[in-house]
Structure formats: C-alpha cells, structure tokens
file run.pdb (PDB, C-alpha atoms, pLDDT in the B column)
ATOM      1  CA  MET L   1      23.226  50.387 160.236  1.00 72.00           C
ATOM      2  CA  GLU L   2      26.194  50.251 157.864  1.00 86.00           C
ATOM      3  CA  PRO L   3      28.276  53.410 157.357  1.00 94.00           C
ATOM      4  CA  TRP L   4      27.419  55.694 154.445  1.00 95.00           C
ATOM      5  CA  TYR L   5      30.503  54.749 152.404  1.00 95.00           C
ATOM      6  CA  ALA L   6      29.714  51.020 152.572  1.00 94.00           C
ATOM      7  CA  SER L   7      26.122  51.361 151.351  1.00 94.00           C
ATOM      8  CA  TRP L   8      26.652  54.187 148.826  1.00 95.00           C
ATOM      9  CA  PHE L   9      29.839  53.008 147.096  1.00 94.00           C
ATOM     10  CA  ASP L  10      28.502  49.460 146.806  1.00 94.00           C
ATOM     11  CA  SER L  11      25.175  50.558 145.331  1.00 95.00           C
ATOM     12  CA  PRO L  12      24.459  50.402 141.573  1.00 94.00           C
ATOM     13  CA  PHE L  13      23.566  54.106 141.659  1.00 94.00           C
ATOM     14  CA  TYR L  14      27.043  55.399 142.573  1.00 94.00           C
ATOM     15  CA  PRO L  15      28.622  54.618 139.149  1.00 90.00           C
ATOM     16  CA  MET L  16      25.466  55.893 137.447  1.00 91.00           C
ATOM     17  CA  LEU L  17      25.643  59.319 139.109  1.00 91.00           C
ATOM     18  CA  TYR L  18      29.350  59.784 138.416  1.00 86.00           C
ATOM     19  CA  LYS L  19      29.668  58.164 134.993  1.00 79.00           C
ATOM     20  CA  HIS L  20      30.364  61.611 133.477  1.00 70.00           C
ATOM     21  CA  ARG L  21      33.721  61.885 135.269  1.00 71.00           C
ATOM     22  CA  ASP L  22      36.426  63.023 132.891  1.00 67.00           C
ATOM     23  CA  ASP L  23      38.750  60.112 132.124  1.00 75.00           C
ATOM     24  CA  GLU L  24      40.861  62.289 129.844  1.00 81.00           C
ATOM     25  CA  GLU L  25      41.527  64.801 132.634  1.00 79.00           C
ATOM     26  CA  ALA L  26      42.427  61.944 134.992  1.00 82.00           C
ATOM     27  CA  ALA L  27      44.816  60.426 132.419  1.00 89.00           C
ATOM     28  CA  ASP L  28      46.513  63.792 131.817  1.00 92.00           C
ATOM     29  CA  PHE L  29      46.954  64.274 135.573  1.00 92.00           C
ATOM     30  CA  LEU L  30      48.441  60.814 136.055  1.00 95.00           C
ATOM     31  CA  ASP L  31      50.811  61.342 133.104  1.00 95.00           C
ATOM     32  CA  ARG L  32      52.078  64.609 134.622  1.00 95.00           C
ATOM     33  CA  MET L  33      52.436  63.019 138.047  1.00 96.00           C
ATOM     34  CA  LEU L  34      54.410  60.052 136.698  1.00 96.00           C
ATOM     35  CA  ALA L  35      56.689  62.411 134.770  1.00 95.00           C
ATOM     36  CA  ILE L  36      57.606  64.127 138.049  1.00 94.00           C
ATOM     37  CA  ILE L  37      57.903  61.008 140.205  1.00 94.00           C
ATOM     38  CA  GLN L  38      59.723  59.036 137.478  1.00 92.00           C
ATOM     39  CA  ILE L  39      59.317  55.560 138.905  1.00 94.00           C
ATOM     40  CA  PRO L  40      60.744  52.846 136.627  1.00 95.00           C
ATOM     41  CA  GLU L  41      58.646  50.559 134.450  1.00 95.00           C
ATOM     42  CA  GLY L  42      57.643  47.477 136.432  1.00 96.00           C
ATOM     43  CA  SER L  43      57.377  49.382 139.722  1.00 98.00           C
ATOM     44  CA  GLU L  44      54.714  48.311 142.222  1.00 98.00           C
ATOM     45  CA  VAL L  45      51.816  50.739 142.707  1.00 98.00           C
ATOM     46  CA  LEU L  46      48.961  50.714 145.237  1.00 98.00           C
ATOM     47  CA  ASP L  47      45.687  52.363 144.168  1.00 98.00           C
ATOM     48  CA  LEU L  48      43.802  52.877 147.442  1.00 98.00           C
ATOM     49  CA  ALA L  49      40.002  53.149 147.120  1.00 97.00           C
ATOM     50  CA  CYS L  50      40.323  52.197 143.460  1.00 95.00           C
ATOM     51  CA  GLY L  51      36.594  51.882 142.758  1.00 93.00           C
ATOM     52  CA  ARG L  52      36.037  50.038 139.481  1.00 92.00           C
ATOM     53  CA  GLY L  53      39.684  50.433 138.585  1.00 93.00           C
ATOM     54  CA  ARG L  54      39.752  53.092 135.882  1.00 90.00           C
ATOM     55  CA  HIS L  55      42.936  54.684 137.266  1.00 93.00           C
ATOM     56  CA  SER L  56      44.505  51.316 138.032  1.00 96.00           C
ATOM     57  CA  ARG L  57      44.014  50.261 134.410  1.00 94.00           C
ATOM     58  CA  PHE L  58      45.557  53.460 133.095  1.00 95.00           C
ATOM     59  CA  LEU L  59      48.588  53.136 135.364  1.00 97.00           C
ATOM     60  CA  ASN L  60      49.005  49.515 134.318  1.00 97.00           C
ATOM     61  CA  SER L  61      48.978  50.616 130.658  1.00 96.00           C
ATOM     62  CA  LYS L  62      52.077  52.686 131.516  1.00 96.00           C
ATOM     63  CA  GLY L  63      54.035  49.557 132.392  1.00 97.00           C
ATOM     64  CA  LEU L  64      53.402  49.586 136.160  1.00 98.00           C
ATOM     65  CA  ASN L  65      52.284  46.655 138.296  1.00 98.00           C
ATOM     66  CA  VAL L  66      49.158  47.910 140.027  1.00 98.00           C
ATOM     67  CA  HIS L  67      47.202  46.522 142.962  1.00 98.00           C
ATOM     68  CA  GLY L  68      43.822  48.195 143.477  1.00 98.00           C
ATOM     69  CA  VAL L  69      41.941  47.903 146.760  1.00 98.00           C
ATOM     70  CA  ASP L  70      38.454  49.060 147.695  1.00 97.00           C
ATOM     71  CA  LEU L  71      35.883  48.349 150.394  1.00 96.00           C
ATOM     72  CA  SER L  72      33.090  47.814 147.846  1.00 95.00           C
ATOM     73  CA  PRO L  73      32.712  44.162 146.745  1.00 96.00           C
ATOM     74  CA  SER L  74      30.687  45.157 143.677  1.00 95.00           C
ATOM     75  CA  SER L  75      33.363  47.630 142.556  1.00 95.00           C
ATOM     76  CA  ILE L  76      36.138  45.056 142.989  1.00 98.00           C
ATOM     77  CA  GLN L  77      34.053  42.466 141.174  1.00 97.00           C
ATOM     78  CA  GLU L  78      33.765  44.848 138.225  1.00 95.00           C
ATOM     79  CA  ALA L  79      37.445  45.870 138.354  1.00 96.00           C
ATOM     80  CA  SER L  80      38.580  42.257 138.555  1.00 98.00           C
ATOM     81  CA  LYS L  81      37.274  41.620 135.042  1.00 97.00           C
ATOM     82  CA  PHE L  82      40.462  43.364 133.895  1.00 97.00           C
ATOM     83  CA  THR L  83      42.847  41.342 136.073  1.00 97.00           C
ATOM     84  CA  THR L  84      46.179  40.423 134.488  1.00 95.00           C
ATOM     85  CA  ALA L  85      49.589  39.418 135.849  1.00 92.00           C
ATOM     86  CA  GLY L  86      50.375  43.099 136.460  1.00 96.00           C
ATOM     87  CA  LEU L  87      46.915  44.277 137.502  1.00 98.00           C
ATOM     88  CA  THR L  88      45.212  42.818 140.560  1.00 98.00           C
ATOM     89  CA  PHE L  89      42.367  43.844 142.855  1.00 98.00           C
ATOM     90  CA  GLU L  90      41.292  43.121 146.430  1.00 97.00           C
ATOM     91  CA  VAL L  91      38.433  44.002 148.793  1.00 98.00           C
ATOM     92  CA  ARG L  92      40.174  45.769 151.679  1.00 97.00           C
ATOM     93  CA  ASP L  93      39.476  48.459 154.277  1.00 97.00           C
ATOM     94  CA  MET L  94      41.712  51.482 153.622  1.00 97.00           C
ATOM     95  CA  ARG L  95      42.471  51.798 157.361  1.00 97.00           C
ATOM     96  CA  ARG L  96      44.088  48.372 157.528  1.00 97.00           C
ATOM     97  CA  PRO L  97      47.902  48.637 157.678  1.00 96.00           C
ATOM     98  CA  TRP L  98      50.227  46.564 155.516  1.00 97.00           C
ATOM     99  CA  THR L  99      52.323  44.052 157.439  1.00 94.00           C
ATOM    100  CA  GLU L 100      55.293  44.672 155.177  1.00 90.00           C
ATOM    101  CA  PRO L 101      56.066  47.462 152.690  1.00 90.00           C
ATOM    102  CA  LYS L 102      55.690  46.251 149.120  1.00 93.00           C
ATOM    103  CA  PHE L 103      54.937  49.279 146.924  1.00 98.00           C
ATOM    104  CA  ASP L 104      57.082  51.938 145.285  1.00 98.00           C
ATOM    105  CA  LEU L 105      54.124  54.315 145.000  1.00 98.00           C
ATOM    106  CA  ALA L 106      50.840  54.494 146.942  1.00 98.00           C
ATOM    107  CA  LEU L 107      47.954  56.637 145.691  1.00 98.00           C
ATOM    108  CA  SER L 108      44.801  58.009 147.288  1.00 98.00           C
ATOM    109  CA  LEU L 109      43.129  59.889 144.442  1.00 96.00           C
ATOM    110  CA  PHE L 110      40.058  62.042 143.824  1.00 91.00           C
ATOM    111  CA  THR L 111      39.032  62.640 147.448  1.00 93.00           C
ATOM    112  CA  SER L 112      39.163  59.153 148.906  1.00 95.00           C
ATOM    113  CA  PHE L 113      40.177  60.602 152.277  1.00 97.00           C
ATOM    114  CA  GLY L 114      38.248  62.114 155.193  1.00 97.00           C
ATOM    115  CA  TYR L 115      35.387  59.585 155.193  1.00 97.00           C
ATOM    116  CA  PHE L 116      35.559  58.785 158.906  1.00 97.00           C
ATOM    117  CA  GLU L 117      34.149  60.559 161.942  1.00 95.00           C
ATOM    118  CA  SER L 118      37.359  60.873 163.954  1.00 97.00           C
ATOM    119  CA  ASP L 119      40.796  62.294 163.204  1.00 97.00           C
ATOM    120  CA  GLU L 120      42.260  59.055 164.549  1.00 98.00           C
ATOM    121  CA  GLU L 121      40.451  56.955 161.934  1.00 97.00           C
ATOM    122  CA  ASN L 122      41.355  59.329 159.124  1.00 98.00           C
ATOM    123  CA  ARG L 123      44.969  59.391 160.311  1.00 98.00           C
ATOM    124  CA  SER L 124      44.970  55.596 160.191  1.00 98.00           C
ATOM    125  CA  VAL L 125      44.519  55.829 156.417  1.00 98.00           C
ATOM    126  CA  LEU L 126      47.718  57.854 156.176  1.00 98.00           C
ATOM    127  CA  VAL L 127      49.481  55.362 158.465  1.00 98.00           C
ATOM    128  CA  ALA L 128      48.303  52.552 156.183  1.00 98.00           C
ATOM    129  CA  LEU L 129      49.696  54.385 153.141  1.00 98.00           C
ATOM    130  CA  ARG L 130      53.003  54.843 154.933  1.00 98.00           C
ATOM    131  CA  SER L 131      53.097  51.149 155.892  1.00 97.00           C
ATOM    132  CA  ALA L 132      52.493  50.171 152.264  1.00 98.00           C
ATOM    133  CA  ILE L 133      55.585  51.808 150.736  1.00 98.00           C
ATOM    134  CA  ARG L 134      59.213  50.775 150.668  1.00 97.00           C
ATOM    135  CA  ALA L 135      61.913  52.993 152.195  1.00 95.00           C
ATOM    136  CA  GLN L 136      62.294  55.188 149.090  1.00 95.00           C
ATOM    137  CA  GLY L 137      58.622  54.988 148.105  1.00 97.00           C
ATOM    138  CA  LYS L 138      56.249  57.878 147.425  1.00 98.00           C
ATOM    139  CA  VAL L 139      52.676  58.651 148.474  1.00 98.00           C
ATOM    140  CA  VAL L 140      50.223  60.870 146.567  1.00 98.00           C
ATOM    141  CA  LEU L 141      47.115  62.164 148.368  1.00 98.00           C
ATOM    142  CA  ASP L 142      44.535  64.110 146.338  1.00 97.00           C
ATOM    143  CA  VAL L 143      41.565  65.832 148.025  1.00 97.00           C
ATOM    144  CA  PHE L 144      39.352  68.837 147.308  1.00 96.00           C
ATOM    145  CA  ASN L 145      40.494  72.247 148.565  1.00 97.00           C
ATOM    146  CA  SER L 146      38.126  72.632 151.510  1.00 96.00           C
ATOM    147  CA  GLN L 147      38.576  76.387 151.829  1.00 95.00           C
ATOM    148  CA  LYS L 148      37.260  76.997 148.309  1.00 95.00           C
ATOM    149  CA  VAL L 149      34.445  74.467 148.695  1.00 95.00           C
ATOM    150  CA  LEU L 150      33.309  75.954 152.011  1.00 93.00           C
ATOM    151  CA  SER L 151      33.256  79.464 150.553  1.00 93.00           C
ATOM    152  CA  SER L 152      30.855  78.239 147.859  1.00 89.00           C
ATOM    153  CA  LEU L 153      28.582  76.518 150.400  1.00 90.00           C
ATOM    154  CA  ILE L 154      27.491  79.504 152.481  1.00 86.00           C
ATOM    155  CA  GLU L 155      24.027  78.338 151.464  1.00 88.00           C
ATOM    156  CA  PRO L 156      23.128  74.695 150.687  1.00 92.00           C
ATOM    157  CA  VAL L 157      23.297  73.646 147.022  1.00 92.00           C
ATOM    158  CA  THR L 158      20.643  71.493 145.343  1.00 95.00           C
ATOM    159  CA  GLU L 159      21.100  69.778 141.958  1.00 94.00           C
ATOM    160  CA  GLN L 160      18.956  67.572 139.748  1.00 95.00           C
ATOM    161  CA  ARG L 161      20.219  65.046 137.200  1.00 93.00           C
ATOM    162  CA  ARG L 162      18.442  62.408 135.164  1.00 94.00           C
ATOM    163  CA  VAL L 163      20.341  59.248 134.214  1.00 92.00           C
ATOM    164  CA  GLY L 164      18.265  56.885 132.090  1.00 91.00           C
ATOM    165  CA  ASP L 165      15.124  56.014 134.008  1.00 93.00           C
ATOM    166  CA  TYR L 166      16.453  57.406 137.292  1.00 96.00           C
ATOM    167  CA  GLN L 167      16.118  60.893 138.733  1.00 96.00           C
ATOM    168  CA  PHE L 168      18.935  61.968 141.071  1.00 96.00           C
ATOM    169  CA  SER L 169      18.408  64.858 143.501  1.00 97.00           C
ATOM    170  CA  THR L 170      21.410  65.981 145.538  1.00 97.00           C
ATOM    171  CA  PHE L 171      21.477  68.369 148.478  1.00 97.00           C
ATOM    172  CA  LYS L 172      24.943  69.530 149.584  1.00 96.00           C
ATOM    173  CA  HIS L 173      25.613  71.431 152.789  1.00 96.00           C
ATOM    174  CA  VAL L 174      28.136  71.917 155.607  1.00 96.00           C
ATOM    175  CA  GLU L 175      27.550  70.112 158.896  1.00 95.00           C
ATOM    176  CA  ASN L 176      29.960  70.054 161.868  1.00 94.00           C
ATOM    177  CA  GLY L 177      33.086  70.376 159.754  1.00 94.00           C
ATOM    178  CA  PHE L 178      31.965  67.893 157.082  1.00 97.00           C
ATOM    179  CA  ILE L 179      30.760  68.417 153.524  1.00 97.00           C
ATOM    180  CA  VAL L 180      27.568  66.377 153.439  1.00 97.00           C
ATOM    181  CA  LYS L 181      25.692  65.409 150.286  1.00 97.00           C
ATOM    182  CA  ARG L 182      22.290  63.717 150.488  1.00 97.00           C
ATOM    183  CA  ILE L 183      21.448  61.768 147.337  1.00 97.00           C
ATOM    184  CA  ARG L 184      17.865  60.779 146.598  1.00 97.00           C
ATOM    185  CA  VAL L 185      17.243  58.379 143.706  1.00 97.00           C
ATOM    186  CA  GLU L 186      13.764  57.972 142.230  1.00 97.00           C
ATOM    187  CA  ASN L 187      12.341  55.603 139.633  1.00 94.00           C
ATOM    188  CA  GLN L 188       8.562  55.592 139.221  1.00 89.00           C
ATOM    189  CA  ASP L 189       7.162  54.631 142.651  1.00 90.00           C
ATOM    190  CA  GLN L 190      10.527  53.563 144.114  1.00 96.00           C
ATOM    191  CA  ASN L 191      13.074  55.741 145.884  1.00 97.00           C
ATOM    192  CA  TRP L 192      16.373  55.362 147.753  1.00 97.00           C
ATOM    193  CA  THR L 193      18.413  57.771 149.884  1.00 97.00           C
ATOM    194  CA  PHE L 194      22.195  57.758 150.309  1.00 97.00           C
ATOM    195  CA  PHE L 195      24.795  60.090 151.800  1.00 95.00           C
ATOM    196  CA  GLU L 196      28.333  61.256 151.186  1.00 96.00           C
ATOM    197  CA  LYS L 197      30.151  62.784 154.144  1.00 97.00           C
ATOM    198  CA  VAL L 198      33.728  64.028 153.846  1.00 97.00           C
ATOM    199  CA  ARG L 199      35.708  65.907 156.491  1.00 97.00           C
ATOM    200  CA  ALA L 200      36.676  69.385 155.246  1.00 97.00           C
ATOM    201  CA  TYR L 201      40.257  69.431 156.500  1.00 97.00           C
ATOM    202  CA  THR L 202      42.204  72.661 156.109  1.00 94.00           C
ATOM    203  CA  LEU L 203      45.748  72.665 154.766  1.00 96.00           C
ATOM    204  CA  GLN L 204      47.106  73.133 158.295  1.00 96.00           C
ATOM    205  CA  GLU L 205      44.983  70.300 159.726  1.00 97.00           C
ATOM    206  CA  LEU L 206      46.020  67.907 156.986  1.00 98.00           C
ATOM    207  CA  ASN L 207      49.674  68.876 157.352  1.00 98.00           C
ATOM    208  CA  ALA L 208      49.469  67.969 161.049  1.00 98.00           C
ATOM    209  CA  LEU L 209      47.830  64.586 160.364  1.00 98.00           C
ATOM    210  CA  ILE L 210      50.454  63.799 157.730  1.00 98.00           C
ATOM    211  CA  ASP L 211      53.268  64.601 160.141  1.00 98.00           C
ATOM    212  CA  GLU L 212      51.690  62.486 162.893  1.00 98.00           C
ATOM    213  CA  ALA L 213      51.415  59.570 160.453  1.00 98.00           C
ATOM    214  CA  GLY L 214      55.181  59.629 159.873  1.00 98.00           C
ATOM    215  CA  LEU L 215      55.122  61.144 156.396  1.00 98.00           C
ATOM    216  CA  GLU L 216      57.044  64.131 155.029  1.00 98.00           C
ATOM    217  CA  ILE L 217      55.569  66.493 152.429  1.00 98.00           C
ATOM    218  CA  THR L 218      57.844  67.056 149.419  1.00 98.00           C
ATOM    219  CA  ALA L 219      55.421  68.937 147.128  1.00 98.00           C
ATOM    220  CA  ILE L 220      51.908  70.441 147.168  1.00 98.00           C
ATOM    221  CA  TRP L 221      49.876  71.168 144.024  1.00 98.00           C
ATOM    222  CA  GLY L 222      46.553  72.917 143.526  1.00 97.00           C
ATOM    223  CA  ASP L 223      45.094  71.337 140.394  1.00 96.00           C
ATOM    224  CA  TYR L 224      45.403  68.410 137.997  1.00 94.00           C
ATOM    225  CA  ASN L 225      47.844  70.419 135.873  1.00 94.00           C
ATOM    226  CA  LEU L 226      50.091  70.332 138.971  1.00 96.00           C
ATOM    227  CA  GLY L 227      50.067  74.096 139.336  1.00 96.00           C
ATOM    228  CA  PRO L 228      50.895  75.766 142.675  1.00 97.00           C
ATOM    229  CA  PHE L 229      48.391  75.541 145.522  1.00 97.00           C
ATOM    230  CA  ASP L 230      46.405  78.652 146.419  1.00 96.00           C
ATOM    231  CA  SER L 231      44.044  78.302 149.386  1.00 94.00           C
ATOM    232  CA  GLN L 232      41.518  80.761 147.940  1.00 94.00           C
ATOM    233  CA  HIS L 233      41.370  79.629 144.319  1.00 95.00           C
ATOM    234  CA  SER L 234      42.737  76.098 143.859  1.00 97.00           C
ATOM    235  CA  ASP L 235      40.216  73.337 143.189  1.00 96.00           C
ATOM    236  CA  ARG L 236      42.406  70.559 144.571  1.00 97.00           C
ATOM    237  CA  LEU L 237      44.937  69.937 147.330  1.00 98.00           C
ATOM    238  CA  ILE L 238      47.426  67.334 146.076  1.00 98.00           C
ATOM    239  CA  TYR L 239      50.326  66.120 148.205  1.00 98.00           C
ATOM    240  CA  LEU L 240      53.481  64.262 147.221  1.00 98.00           C
ATOM    241  CA  MET L 241      55.002  62.600 150.299  1.00 98.00           C
ATOM    242  CA  GLN L 242      57.674  60.200 151.460  1.00 98.00           C
ATOM    243  CA  ILE L 243      58.531  58.453 154.719  1.00 98.00           C
ATOM    244  CA  LYS L 244      59.757  60.958 157.292  1.00 96.00           C
ATOM    245  CA  PRO L 245      63.459  60.446 158.080  1.00 92.00           C
TER     246      PRO L 245
END
call {"tool": "encode", "arguments": {"input": "run.pdb", "output": "structure tokens"}}
result
Amino acid sequence: MEPWYASWFDSPFYPMLYKHRDDEEAADFLDRMLAIIQIPEGSEVLDLACGRGRHSRFLNSKGLNVHGVDLSPSSIQEASKFTTAGLTFEVRDMRRPWTEPKFDLALSLFTSFGYFESDEENRSVLVALRSAIRAQGKVVLDVFNSQKVLSSLIEPVTEQRRVGDYQFSTFKHVENGFIVKRIRVENQDQNWTFFEKVRAYTLQELNALIDEAGLEITAIWGDYNLGPFDSQHSDRLIYLMQIKP
C-alpha cells in the first residue's frame, strides 16, 4: 500500500479540495520574505514540495531562477507547462539529499514537513535542505503552529464542502502525536477515501531537529505578515535558517 502522501497528493481531488487557497496572501508573504532575505535577482531558489508550482511561478516573476520539486508526477506534469529557462520542475523525493549545493535559497512552504512516521525521516528533509544550499544560502521552513492547532482539536472536527459534482467530507483529529485528516470524496454511487497525516512538532522539538540537521535558526515568525511567534496565538511557525558554523 502506498503512503498517504503519494496517493493523496497525486489524486485529482487534492487540487479540487484546496483550490480556494489564497494566492494573494501567499504572494504578500513571499514579497515580505524576499524583502528581508534580499537575495539578488538571478539567484537560484529551490521550492521543495512545490505542488503545481504556484509559488515557484511567483518567485520566478521576481527575477529568480526557481527549481520546483515534488513527489507527485501529476503535479509536476501540470507545473511543467510553465517551464522556462529560469523555471524548471522535477519529480523528486524531499528526503533525497543533493550531491552538491546549488541554491542560494531553499524553501519548504505551507506545511510540507512532518509527513513521515519517524523523526529520522523528517530530519532527513532538513538535511536535504541543508545539502541543497551554498555556504551563504538560506532555508525557510513554514509549518502550522501545533500548539494552537492541538488546543482547537480537543474534540474531532468534521467539515463538509461541495466542489462541482463532488462532495468532500473531512474528519480531523489527533492521533499519537499526529494531526490526522480523513477525506472522503463522493460522486453519485462512487466514493474514495484519502488521508493527511502531519506530525505536530512543538517549537522545542523542531528546534532540536533543526540543530541535529546542521542548521542554525536566525529568525522565527508567527504569521505570513512575519510578526513575532507566540506559541498560544500564532497560526504559523516560520523559520529562517542558515548552515550552522
């Protein structure tokens, strides 16, 4: 049986369920981040778990050379329609290290971390990000603030959403340190079931993994406006990192 992330992210239903995601908010966040990092035009950027490439395309529009990678062949096939000299895509496992550093900035955005069962596998993603950047390169890791999410999931949460001819029913709960979402898709007499399962790392746990991966934290933000992080109230946990000296 293939892992949940392989079947769910490569299904046609994943982009349907999340098509409402706010591109304007994402663009504003990336603009603020680039203003702080200030990498020169023409710099090389890695977009890890790029999906269909919406963030890669935006970054490329800012004069950056972007390489997007994702495990989902269907997502990369869709993203590759926008390939240019400065915008390329590749099917690649996020745990796979880079044999030589080639990027000035490596990004893991919008909770593309914590998908694996073991700390070792999740740490390998951070090691891969470290291996991807040059000596003075930067890494940005963006995940949900688990403390706030867990406080809102004392009881399981069920949601319904209709997208065209499809009815989506989601059931979100906490299970053994993971946020688990079961997604049931129905269309007339057909139905499909998928899962999302993301490890709810605390700030302290993530800090330890980052240190073990050979990265040094230079800033932590709590939202897409890049405000300060507050464990009780922040929606996001966003790290800016560099290679540990």
call {"tool": "closest_residue", "arguments": {"input": "run.pdb", "among": "L:Lys81, L:Arg236, L:Arg130, L:His173", "to": "Gln147 in chain L", "atoms": "only C-alpha atoms"}}
result
L:Arg236
call {"tool": "residues_around", "arguments": {"input": "run.pdb", "residues": "Lys244 in chain L", "least_positions_apart": "4", "cutoff": "10 Å", "atoms": "only C-alpha atoms", "output": "ChimeraX atom specification"}}
result
/L:130,135,210-217
call {"tool": "write_last_selection", "arguments": {"input": "run.pdb", "atoms": "C-alpha atoms", "output": "PDB file, in the coordinates of the input"}}
result
ATOM      1  CA  ARG L 130      53.003  54.843 154.933  1.00 98.00           C
ATOM      2  CA  ALA L 135      61.913  52.993 152.195  1.00 95.00           C
ATOM      3  CA  ILE L 210      50.454  63.799 157.730  1.00 98.00           C
ATOM      4  CA  ASP L 211      53.268  64.601 160.141  1.00 98.00           C
ATOM      5  CA  GLU L 212      51.690  62.486 162.893  1.00 98.00           C
ATOM      6  CA  ALA L 213      51.415  59.570 160.453  1.00 98.00           C
ATOM      7  CA  GLY L 214      55.181  59.629 159.873  1.00 98.00           C
ATOM      8  CA  LEU L 215      55.122  61.144 156.396  1.00 98.00           C
ATOM      9  CA  GLU L 216      57.044  64.131 155.029  1.00 98.00           C
ATOM     10  CA  ILE L 217      55.569  66.493 152.429  1.00 98.00           C
TER      11      ILE L 217
END
call {"tool": "residues_near_point", "arguments": {"input": "run.pdb", "point": "(53.1, 63.5, 147.5)", "cutoff": "10 Å", "atoms": "all atoms listed in the file", "output": "number ranges by chain"}}
result
L: 33, 37, 105-108, 138-142, 215-221, 238-242
call {"tool": "atom_distance", "arguments": {"input": "run.pdb", "atom1": "CA of Tyr224 in chain L", "atom2": "CA of Asn60 in chain L"}}
result
19.6 Å
call {"tool": "residues_around", "arguments": {"input": "run.pdb", "residues": "Gln232 in chain L", "least_positions_apart": "2", "cutoff": "10 Å", "atoms": "all atoms listed in the file", "output": "list in words"}}
result
Asn145, Ser146, Gln147, Lys148, Val149, Ser151, Phe229, Asp230, Ser234 and Asp235 of chain L
call {"tool": "resolve_selection", "arguments": {"input": "run.pdb", "expression": "the PyMOL selection byres ((chain L and resi 193) around 7)", "output": "list in words"}}
result
Ile183, Arg184, Val185, Asn191, Trp192 and Phe194 of chain L
call {"tool": "closest_residue", "arguments": {"input": "run.pdb", "among": "L:Gln160, L:Thr99, L:Ser7, L:Gln190", "to": "Ser74 in chain L", "atoms": "all atoms listed in the file"}}
result
L:Ser7
call {"tool": "closest_residue", "arguments": {"input": "run.pdb", "among": "L:Asp223, L:Glu78, L:Glu175, L:Glu90", "to": "Ala26 in chain L", "atoms": "all atoms listed in the file"}}
result
L:Asp223
call {"tool": "atom_distance", "arguments": {"input": "run.pdb", "atom1": "CA of Leu153 in chain L", "atom2": "CA of Val174 in chain L"}}
result
7.0 Å
call {"tool": "closest_residue", "arguments": {"input": "run.pdb", "among": "L:Asp47, L:Glu2, L:Glu41, L:Glu186", "to": "Phe110 in chain L", "atoms": "all atoms listed in the file"}}
result
L:Asp47
call {"tool": "residues_around", "arguments": {"input": "run.pdb", "residues": "Gly51 in chain L", "least_positions_apart": "5", "cutoff": "8 Å", "atoms": "only C-alpha atoms", "output": "JSON, numbers by chain"}}
result
{"L": [69, 70, 72, 75, 76, 79]}
call {"tool": "residues_around", "arguments": {"input": "run.pdb", "residues": "Arg162 in chain L", "least_positions_apart": "4", "cutoff": "10 Å", "atoms": "all atoms listed in the file", "output": "MDAnalysis selection string"}}
result
chainID L and resid 16:17 166:169 185:186
call {"tool": "closest_residue", "arguments": {"input": "run.pdb", "among": "L:Glu196, L:Glu24, L:Glu100, L:Glu205", "to": "Thr170 in chain L", "atoms": "only C-alpha atoms"}}
result
L:Glu196
call {"tool": "resolve_selection", "arguments": {"input": "run.pdb", "expression": "the PyMOL selection byres ((chain L and resi 225) around 8)", "output": "list in words"}}
result
Asp28, Phe29, Arg32, Asp223, Tyr224, Leu226 and Gly227 of chain L
call {"tool": "atom_distance", "arguments": {"input": "run.pdb", "atom1": "CA of Glu120 in chain L", "atom2": "CA of Leu150 in chain L"}}
result
22.9 Å
call {"tool": "closest_residue", "arguments": {"input": "run.pdb", "among": "L:Met1, L:Gly137, L:Leu59, L:Asn122", "to": "Ala200 in chain L", "atoms": "all atoms listed in the file"}}
result
L:Asn122
call {"tool": "axis_aligned_box", "arguments": {"input": "run.pdb", "around": "range 110-118 of chain L", "padding_each_side": "3 Å", "output": "JSON"}}
result
{"center_x": 37.2, "center_y": 60.7, "center_z": 153.9, "size_x": 12.0, "size_y": 9.9, "size_z": 26.1}
call {"tool": "resolve_selection", "arguments": {"input": "run.pdb", "expression": "the PyMOL selection byres ((chain L and resi 87) around 7)", "output": "PDB file with C-alpha atoms, in the frame of the given file"}}
result
ATOM      1  CA  ASN L  60      49.005  49.515 134.318  1.00 97.00           C
ATOM      2  CA  ASN L  65      52.284  46.655 138.296  1.00 98.00           C
ATOM      3  CA  VAL L  66      49.158  47.910 140.027  1.00 98.00           C
ATOM      4  CA  HIS L  67      47.202  46.522 142.962  1.00 98.00           C
ATOM      5  CA  THR L  83      42.847  41.342 136.073  1.00 97.00           C
ATOM      6  CA  THR L  84      46.179  40.423 134.488  1.00 95.00           C
ATOM      7  CA  ALA L  85      49.589  39.418 135.849  1.00 92.00           C
ATOM      8  CA  GLY L  86      50.375  43.099 136.460  1.00 96.00           C
ATOM      9  CA  THR L  88      45.212  42.818 140.560  1.00 98.00           C
TER      10      THR L  88
END
call {"tool": "build_atoms", "arguments": {"input": "run.pdb", "residues": "range 148-158 of chain L", "atoms": "N, CA and C atoms", "output": "PDB file, keeping the file's coordinate frame"}}
result
ATOM      1  N   LYS L 148      38.041  76.530 149.456  1.00 95.00           N
ATOM      2  CA  LYS L 148      37.260  76.997 148.309  1.00 95.00           C
ATOM      3  C   LYS L 148      35.855  76.397 148.323  1.00 95.00           C
ATOM      4  N   VAL L 149      35.760  75.114 148.656  1.00 95.00           N
ATOM      5  CA  VAL L 149      34.445  74.467 148.695  1.00 95.00           C
ATOM      6  C   VAL L 149      33.557  75.112 149.754  1.00 95.00           C
ATOM      7  N   LEU L 150      34.105  75.361 150.934  1.00 93.00           N
ATOM      8  CA  LEU L 150      33.309  75.954 152.011  1.00 93.00           C
ATOM      9  C   LEU L 150      32.827  77.360 151.658  1.00 93.00           C
ATOM     10  N   SER L 151      33.654  78.105 150.937  1.00 93.00           N
ATOM     11  CA  SER L 151      33.256  79.464 150.553  1.00 93.00           C
ATOM     12  C   SER L 151      32.101  79.455 149.561  1.00 93.00           C
ATOM     13  N   SER L 152      31.957  78.344 148.822  1.00 89.00           N
ATOM     14  CA  SER L 152      30.855  78.239 147.859  1.00 89.00           C
ATOM     15  C   SER L 152      29.611  77.614 148.473  1.00 89.00           C
ATOM     16  N   LEU L 153      29.707  77.175 149.740  1.00 90.00           N
ATOM     17  CA  LEU L 153      28.582  76.518 150.400  1.00 90.00           C
ATOM     18  C   LEU L 153      28.064  77.328 151.586  1.00 90.00           C
ATOM     19  N   ILE L 154      28.089  78.660 151.444  1.00 86.00           N
ATOM     20  CA  ILE L 154      27.491  79.504 152.481  1.00 86.00           C
ATOM     21  C   ILE L 154      26.015  79.145 152.630  1.00 86.00           C
ATOM     22  N   GLU L 155      25.395  78.856 151.488  1.00 88.00           N
ATOM     23  CA  GLU L 155      24.027  78.338 151.464  1.00 88.00           C
ATOM     24  C   GLU L 155      24.054  76.938 150.847  1.00 88.00           C
ATOM     25  N   PRO L 156      23.162  76.042 151.276  1.00 92.00           N
ATOM     26  CA  PRO L 156      23.128  74.695 150.687  1.00 92.00           C
ATOM     27  C   PRO L 156      22.894  74.750 149.178  1.00 92.00           C
ATOM     28  N   VAL L 157      23.396  73.727 148.482  1.00 92.00           N
ATOM     29  CA  VAL L 157      23.297  73.646 147.022  1.00 92.00           C
ATOM     30  C   VAL L 157      22.484  72.407 146.654  1.00 92.00           C
ATOM     31  N   THR L 158      21.481  72.599 145.808  1.00 95.00           N
ATOM     32  CA  THR L 158      20.643  71.493 145.343  1.00 95.00           C
ATOM     33  C   THR L 158      20.812  71.324 143.841  1.00 95.00           C
TER      34      THR L 158
END
